[in-house]
Structure formats: C-alpha cells, structure tokens
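Participant: Can you keep this structure in mind? I'll have questions shortly.
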Amino acid sequence: MGRTDHAPETPATKFLKQQRIAFSAHLYEYEEHGGTRVSARELAVDEHAVVKTLVMEDEQGKPLIVLMHGDRQVSTKELARQIGAKKIEPCKPDVAQRHSGYMVGGTSPFGTRKPLPIYLEKSILDLPLVYINGGRRGFLVGLKPQDIVRALAPALVECAARD
C-alpha cells in the first residue's frame, strides 16, 4: 500500500487546499518509465483509476492538458477532431515542463505554472475515486473525479484509443 507519511507540499496540493478539495496523499517508490502501471501496483489500485496528466500541443504549438485513464492511450486524431484542431501531439519533456512547471513523471493538472486548457476523458467521471499526480514523482493524490471538474472546469472528451 502507498505510504502516506510526510506528503510533500507542492503547487498542486496548495491549489487543492485553496479550492477546499479533500484529497488523500499517496507516496510510492517512483520508477523511471514505470508510468501508471507502477503507481497502480504500488498503491494496490486498478490502473484504470489512476489518471495520467499528459501535456500536448496543437499544430500551432499551443499547449493543453489531457487527463486519461492510466490503462488507455489518447487517440490524438480523435482528440484533434473533437476540439477542432488540425493535429495534436505530445510535447517533448522539456517543453511540457516549461508549460506546466512540473517534471515529466510528476505532472499534475493542479497548480500549473500558467493556466492551460484541460480535457478530461468523460468516462473518468464514472469512477467513484481516482488517483492523479500530486506534483512530484512518486506522489499521487486520491480524490473524487467531480472535484477535478469543480476545480479545473475541463472540457469533456471521448478520445481513449480503442485497444
């Protein structure tokens, strides 16, 4: 089970506290390139309930964030179609960090360096509880998906790639 001792104070946790959003803190041993598979295993939760924060950009280089189930990929073609962009692609790690203010592997949608448009995979709202990055590698926060909507007002999309 994830350790909950000494949860770090990050821009994400400060943001959640300012918004008066209840969350649980979950620390785990971060593994380079382990992704949501590792965090789900370490926290003993379904990877489908671990939400990844992906920094992407459109054809003009405008950044955006996509929140997706840990066990699904984003269909960038479908996302572009739904948001009226010609093309969407993941940002390079250094560009993503510049936009969000977070290191890749520790990117949270909360407390980003500058406000970014946020797109949430609609089926995430069907889950009672999700785990999402708390702003540091090896640190997730557990909260209700409706609180993500309340705090960030994301646009809902259906762009999970079909396996």
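To be explicit about the labels: the chains of the structure tokens are called A, B, and onward in the order shown, and within each one the residues are counted from 1, while ligands get numbers from 1 in the order they are shown.
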Which residues, written as an NGL selection string, have at least one atom at most 9 Å from Lys114 of chain A, with only C-alpha atoms counted and residues fewer than 2 positions away on the same chain left out?

Facilitator: :A and (99-101 or 111-112 or 116)

Participant: Suppose we keep all heavy atoms; can you now write the selection as a PDB file, in the first residue's frame?

Facilitator:
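result_35.pdb was written with the following content:
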```pdb
ATOM      1  N   HIS A  99       5.813  24.428 -19.865  1.00  0.00           N
ATOM      2  CA  HIS A  99       4.395  24.817 -19.828  1.00  0.00           C
ATOM      3  C   HIS A  99       3.762  24.585 -18.465  1.00  0.00           C
ATOM      4  O   HIS A  99       3.032  25.429 -17.958  1.00  0.00           O
ATOM      5  CB  HIS A  99       3.589  24.043 -20.875  1.00  0.00           C
ATOM      6  CG  HIS A  99       3.878  24.428 -22.284  1.00  0.00           C
ATOM      7  ND1 HIS A  99       3.942  25.735 -22.705  1.00  0.00           N
ATOM      8  CD2 HIS A  99       4.123  23.665 -23.386  1.00  0.00           C
ATOM      9  CE1 HIS A  99       4.214  25.766 -24.000  1.00  0.00           C
ATOM     10  NE2 HIS A  99       4.332  24.527 -24.438  1.00  0.00           N
ATOM     11  N   SER A 100       4.018  23.412 -17.878  1.00  0.00           N
ATOM     12  CA  SER A 100       3.306  23.029 -16.657  1.00  0.00           C
ATOM     13  C   SER A 100       4.018  23.460 -15.373  1.00  0.00           C
ATOM     14  O   SER A 100       3.380  23.647 -14.348  1.00  0.00           O
ATOM     15  CB  SER A 100       3.115  21.510 -16.616  1.00  0.00           C
ATOM     16  OG  SER A 100       4.357  20.849 -16.397  1.00  0.00           O
ATOM     17  N   GLY A 101       5.343  23.571 -15.441  1.00  0.00           N
ATOM     18  CA  GLY A 101       6.111  23.851 -14.238  1.00  0.00           C
ATOM     19  C   GLY A 101       6.459  22.589 -13.464  1.00  0.00           C
ATOM     20  O   GLY A 101       7.074  22.657 -12.402  1.00  0.00           O
ATOM     21  N   GLY A 111      -2.415  23.534 -10.174  1.00  0.00           N
ATOM     22  CA  GLY A 111      -1.304  24.422  -9.845  1.00  0.00           C
ATOM     23  C   GLY A 111      -0.246  24.511 -10.921  1.00  0.00           C
ATOM     24  O   GLY A 111       0.934  24.646 -10.617  1.00  0.00           O
ATOM     25  N   THR A 112      -0.655  24.443 -12.177  1.00  0.00           N
ATOM     26  CA  THR A 112       0.317  24.566 -13.269  1.00  0.00           C
ATOM     27  C   THR A 112       0.877  25.991 -13.308  1.00  0.00           C
ATOM     28  O   THR A 112       0.257  26.929 -12.828  1.00  0.00           O
ATOM     29  CB  THR A 112      -0.317  24.226 -14.638  1.00  0.00           C
ATOM     30  OG1 THR A 112      -1.501  25.002 -14.818  1.00  0.00           O
ATOM     31  CG2 THR A 112      -0.652  22.753 -14.738  1.00  0.00           C
ATOM     32  N   LEU A 116      -3.733  26.301 -18.435  1.00  0.00           N
ATOM     33  CA  LEU A 116      -3.748  25.569 -19.707  1.00  0.00           C
ATOM     34  C   LEU A 116      -5.135  24.983 -19.915  1.00  0.00           C
ATOM     35  O   LEU A 116      -5.783  24.583 -18.952  1.00  0.00           O
ATOM     36  CB  LEU A 116      -2.724  24.423 -19.672  1.00  0.00           C
ATOM     37  CG  LEU A 116      -1.260  24.810 -19.484  1.00  0.00           C
ATOM     38  CD1 LEU A 116      -0.410  23.567 -19.230  1.00  0.00           C
ATOM     39  CD2 LEU A 116      -0.742  25.559 -20.691  1.00  0.00           C
TER      40      LEU A 116
END
```

Participant: Hey, what's within 8 Å of Phe110 of chain A if we count only C-alpha atoms and toss same-chain stuff fewer than 4 positions away? As number ranges by chain, please?

Facilitator: A: 11-13, 15-16, 134-135, 152

Participant: Would you please work out which residue, of A:Val38, A:Ala85, A:Leu129, A:Val157, is nearest to Lys144 of chain A when using only C-alpha atoms?

Facilitator: A:Leu129

Participant: Using only C-alpha atoms, which protein or nucleic acid residues come within 9 Å of Gly35 of chain A? Drop anything in the same chain fewer than 6 positions from it, and give the result as an mmCIF file with N, CA, C and O atoms, in the first residue's frame.

Facilitator:
```cif
data_model
loop_
_atom_site.group_PDB
_atom_site.id
_atom_site.type_symbol
_atom_site.label_atom_id
_atom_site.label_comp_id
_atom_site.auth_asym_id
_atom_site.auth_seq_id
_atom_site.Cartn_x
_atom_site.Cartn_y
_atom_site.Cartn_z
ATOM 1 N N LYS A 52 -3.621 9.773 -15.742
ATOM 2 C CA LYS A 52 -2.365 10.405 -16.133
ATOM 3 C C LYS A 52 -2.636 11.803 -16.696
ATOM 4 O O LYS A 52 -3.674 12.050 -17.299
ATOM 5 N N GLY A 70 -5.140 5.568 -16.770
ATOM 6 C CA GLY A 70 -3.783 5.045 -16.843
ATOM 7 C C GLY A 70 -3.614 3.883 -17.808
ATOM 8 O O GLY A 70 -2.551 3.698 -18.388
ATOM 9 N N GLY A 105 6.641 12.959 -15.294
ATOM 10 C CA GLY A 105 6.579 11.902 -14.291
ATOM 11 C C GLY A 105 6.017 12.429 -12.974
ATOM 12 O O GLY A 105 5.650 11.674 -12.097
#
```

Participant: Which polymer residues have any atom within 12 Å of an atom of Leu67 of chain A, counting only C-alpha atoms, with same-chain residues fewer than 6 positions away left out, as number ranges by chain?

Facilitator: A: 48-56, 73-74, 79, 107-110, 117-125, 130-133, 145, 148-149, 152, 154-160

Participant: Residues near Ala44 of chain A, anyone? I mean within 12 Å using only C-alpha atoms, not counting same-chain ones fewer than 2 positions away, as number ranges by chain.

Facilitator: A: 1-3, 26, 28, 36-42, 46-50, 131

Participant: Looking at A:Leu127, A:Leu43, A:Val66, A:Ala151, which one is nearest to Ala80 of chain A, with distances taken over only C-alpha atoms?

Facilitator: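 That would be A:Val66, the residue with the smallest distance to Ala80 of chain A.
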
Participant: Report, in Å to a single decimal, how far apart atom CA of Glu78 of chain A and atom CA of Val95 of chain A are.

Facilitator: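 Atom-to-atom, atom CA of Val95 of chain A and atom CA of Glu78 of chain A are spaced 22.8 Å apart.
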
Participant: Find, counting only C-alpha atoms, the residue in A:Arg113, A:His33, A:Lys77, A:His69 that gets nearest to Gln97 of chain A.

Facilitator: A:Arg113

Participant: One number please: atom CA of Arg150 of chain A to atom CA of Thr10 of chain A, in Å, one decimal.

Facilitator: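 Distance reported for this atom pair: 19.7 Å.
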
Participant: Determine the nearest neighbour of Asp58 of chain A from the options A:Ile83, A:Ala161, A:Ser75, A:Ile88, counting only C-alpha atoms.

Facilitator: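 Closest to Asp58 of chain A of all the choices is A:Ile88.
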
Participant: Hey, which of A:Tyr102, A:Gln146, A:Ser24, A:Met68 ends up closest to Asp126 of chain A? Count only C-alpha atoms.

Facilitator: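 So, comparing all the options, the nearest one is A:Gln146.
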
Participant: What parts of segment 5-43 of chain A does DSSP call strand (DSSP E or B)? I'd like the answer as a ChimeraX atom specification.

Facilitator: /A:24-27

Participant: Rounded to one decimal in Å, what is the spacing between atom CA of Glu32 of chain A and atom CA of Met103 of chain A?

Facilitator: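 These atoms are spaced 12.0 Å apart.
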
Participant: Got a sec to tell me which of segment 9-159 of chain A DSSP assigns to alpha helix (DSSP H), as a JSON list (two decimals) with N, CA and C atoms, in the first residue's frame?

Facilitator:
```json
[["chain", "number", "residue", "atom", "x", "y", "z"],
["A", 11, "PRO", "N", 2.83, 22.82, -5.56],
["A", 11, "PRO", "CA", 1.84, 23.75, -6.10],
["A", 11, "PRO", "C", 0.46, 23.08, -6.25],
["A", 12, "ALA", "N", 0.46, 21.77, -6.55],
["A", 12, "ALA", "CA", -0.81, 21.04, -6.71],
["A", 12, "ALA", "C", -1.56, 20.93, -5.38],
["A", 13, "THR", "N", -0.86, 20.56, -4.31],
["A", 13, "THR", "CA", -1.55, 20.41, -3.02],
["A", 13, "THR", "C", -1.98, 21.78, -2.49],
["A", 14, "LYS", "N", -1.18, 22.80, -2.73],
["A", 14, "LYS", "CA", -1.58, 24.16, -2.32],
["A", 14, "LYS", "C", -2.86, 24.56, -3.05],
["A", 15, "PHE", "N", -2.91, 24.28, -4.35],
["A", 15, "PHE", "CA", -4.09, 24.60, -5.17],
["A", 15, "PHE", "C", -5.32, 23.87, -4.63],
["A", 16, "LEU", "N", -5.18, 22.58, -4.35],
["A", 16, "LEU", "CA", -6.32, 21.79, -3.86],
["A", 16, "LEU", "C", -6.81, 22.32, -2.51],
["A", 17, "LYS", "N", -5.88, 22.70, -1.65],
["A", 17, "LYS", "CA", -6.27, 23.25, -0.34],
["A", 17, "LYS", "C", -6.97, 24.60, -0.51],
["A", 18, "GLN", "N", -6.47, 25.44, -1.41],
["A", 18, "GLN", "CA", -7.13, 26.73, -1.68],
["A", 18, "GLN", "C", -8.55, 26.54, -2.19],
["A", 35, "GLY", "N", 5.46, 4.57, -15.27],
["A", 35, "GLY", "CA", 4.12, 5.06, -15.55],
["A", 35, "GLY", "C", 3.07, 4.62, -14.55],
["A", 36, "THR", "N", 1.83, 4.63, -15.02],
["A", 36, "THR", "CA", 0.70, 4.33, -14.14],
["A", 36, "THR", "C", 0.67, 2.87, -13.72],
["A", 37, "ARG", "N", 1.31, 2.00, -14.49],
["A", 37, "ARG", "CA", 1.35, 0.58, -14.13],
["A", 37, "ARG", "C", 2.03, 0.43, -12.76],
["A", 38, "VAL", "N", 3.15, 1.13, -12.58],
["A", 38, "VAL", "CA", 3.89, 1.05, -11.32],
["A", 38, "VAL", "C", 3.12, 1.70, -10.18],
["A", 39, "SER", "N", 2.58, 2.89, -10.39],
["A", 39, "SER", "CA", 1.86, 3.56, -9.30],
["A", 39, "SER", "C", 0.63, 2.75, -8.90],
["A", 40, "ALA", "N", -0.08, 2.18, -9.86],
["A", 40, "ALA", "CA", -1.26, 1.36, -9.54],
["A", 40, "ALA", "C", -0.83, 0.13, -8.72],
["A", 41, "ARG", "N", 0.25, -0.50, -9.13],
["A", 41, "ARG", "CA", 0.75, -1.68, -8.39],
["A", 41, "ARG", "C", 1.15, -1.28, -6.98],
["A", 42, "GLU", "N", 1.91, -0.18, -6.84],
["A", 42, "GLU", "CA", 2.41, 0.25, -5.53],
["A", 42, "GLU", "C", 1.27, 0.66, -4.59],
["A", 43, "LEU", "N", 0.21, 1.25, -5.14],
["A", 43, "LEU", "CA", -0.92, 1.69, -4.32],
["A", 43, "LEU", "C", -1.99, 0.60, -4.20],
["A", 76, "THR", "N", -4.84, 10.82, -30.52],
["A", 76, "THR", "CA", -4.61, 12.24, -30.81],
["A", 76, "THR", "C", -5.44, 12.70, -32.01],
["A", 77, "LYS", "N", -5.70, 11.79, -32.92],
["A", 77, "LYS", "CA", -6.54, 12.12, -34.08],
["A", 77, "LYS", "C", -7.96, 12.45, -33.64],
["A", 78, "GLU", "N", -8.50, 11.59, -32.76],
["A", 78, "GLU", "CA", -9.86, 11.79, -32.26],
["A", 78, "GLU", "C", -9.94, 13.05, -31.39],
["A", 79, "LEU", "N", -8.94, 13.27, -30.56],
["A", 79, "LEU", "CA", -8.91, 14.47, -29.72],
["A", 79, "LEU", "C", -8.89, 15.73, -30.61],
["A", 80, "ALA", "N", -8.03, 15.74, -31.60],
["A", 80, "ALA", "CA", -7.94, 16.89, -32.52],
["A", 80, "ALA", "C", -9.30, 17.15, -33.17],
["A", 81, "ARG", "N", -9.94, 16.08, -33.62],
["A", 81, "ARG", "CA", -11.25, 16.22, -34.26],
["A", 81, "ARG", "C", -12.26, 16.84, -33.29],
["A", 82, "GLN", "N", -12.27, 16.37, -32.05],
["A", 82, "GLN", "CA", -13.25, 16.85, -31.07],
["A", 82, "GLN", "C", -13.02, 18.28, -30.62],
["A", 83, "ILE", "N", -11.77, 18.74, -30.62],
["A", 83, "ILE", "CA", -11.51, 20.10, -30.14],
["A", 83, "ILE", "C", -11.26, 21.08, -31.28],
["A", 93, "PRO", "N", 9.54, 16.41, -23.41],
["A", 93, "PRO", "CA", 9.61, 16.58, -21.95],
["A", 93, "PRO", "C", 10.01, 17.98, -21.49],
["A", 94, "ASP", "N", 11.03, 18.59, -22.11],
["A", 94, "ASP", "CA", 11.45, 19.93, -21.67],
["A", 94, "ASP", "C", 10.40, 20.98, -21.95],
["A", 95, "VAL", "N", 9.67, 20.82, -23.06],
["A", 95, "VAL", "CA", 8.60, 21.76, -23.41],
["A", 95, "VAL", "C", 7.43, 21.58, -22.44],
["A", 96, "ALA", "N", 7.08, 20.33, -22.15],
["A", 96, "ALA", "CA", 5.99, 20.03, -21.20],
["A", 96, "ALA", "C", 6.31, 20.64, -19.84],
["A", 97, "GLN", "N", 7.57, 20.52, -19.41],
["A", 97, "GLN", "CA", 7.96, 21.07, -18.11],
["A", 97, "GLN", "C", 7.87, 22.59, -18.11],
["A", 98, "ARG", "N", 8.26, 23.20, -19.21],
["A", 98, "ARG", "CA", 8.18, 24.67, -19.32],
["A", 98, "ARG", "C", 6.73, 25.14, -19.21],
["A", 99, "HIS", "N", 5.81, 24.43, -19.86],
["A", 99, "HIS", "CA", 4.40, 24.82, -19.83],
["A", 99, "HIS", "C", 3.76, 24.59, -18.46],
["A", 100, "SER", "N", 4.02, 23.41, -17.88],
["A", 100, "SER", "CA", 3.31, 23.03, -16.66],
["A", 100, "SER", "C", 4.02, 23.46, -15.37],
["A", 145, "PRO", "N", -13.61, 12.33, -8.91],
["A", 145, "PRO", "CA", -13.49, 12.96, -10.23],
["A", 145, "PRO", "C", -14.32, 14.25, -10.35],
["A", 146, "GLN", "N", -15.44, 14.30, -9.64],
["A", 146, "GLN", "CA", -16.27, 15.51, -9.69],
["A", 146, "GLN", "C", -15.53, 16.72, -9.13],
["A", 147, "ASP", "N", -14.58, 16.47, -8.21],
["A", 147, "ASP", "CA", -13.78, 17.57, -7.67],
["A", 147, "ASP", "C", -12.78, 18.10, -8.70],
["A", 148, "ILE", "N", -12.33, 17.22, -9.60],
["A", 148, "ILE", "CA", -11.47, 17.68, -10.70],
["A", 148, "ILE", "C", -12.27, 18.64, -11.57],
["A", 149, "VAL", "N", -13.51, 18.26, -11.86],
["A", 149, "VAL", "CA", -14.39, 19.11, -12.68],
["A", 149, "VAL", "C", -14.63, 20.45, -11.99],
["A", 150, "ARG", "N", -14.92, 20.38, -10.68],
["A", 150, "ARG", "CA", -15.20, 21.60, -9.93],
["A", 150, "ARG", "C", -13.98, 22.54, -9.92],
["A", 151, "ALA", "N", -12.80, 21.98, -9.74],
["A", 151, "ALA", "CA", -11.58, 22.79, -9.62],
["A", 151, "ALA", "C", -11.05, 23.31, -10.94],
["A", 152, "LEU", "N", -11.17, 22.50, -12.01],
["A", 152, "LEU", "CA", -10.49, 22.82, -13.26],
["A", 152, "LEU", "C", -11.43, 23.15, -14.43]]
```

Participant: Extract, using only C-alpha atoms, all DNA, RNA and protein residues at most 8 Å from Ala7 of chain A, discarding same-chain residues fewer than 5 positions from it, and format them as a list of chain:residue names.

Facilitator: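 What passes the distance filter is A:Ala25, A:His26, A:Leu27, A:Phe139.
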
Participant: Taking into account only C-alpha atoms, which residue in the set A:Arg136, A:Lys87, A:Pro8, A:Leu143 is nearest to Gln60 of chain A?

Facilitator: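 Using only C-alpha atoms, Gln60 of chain A sits closest to A:Lys87.
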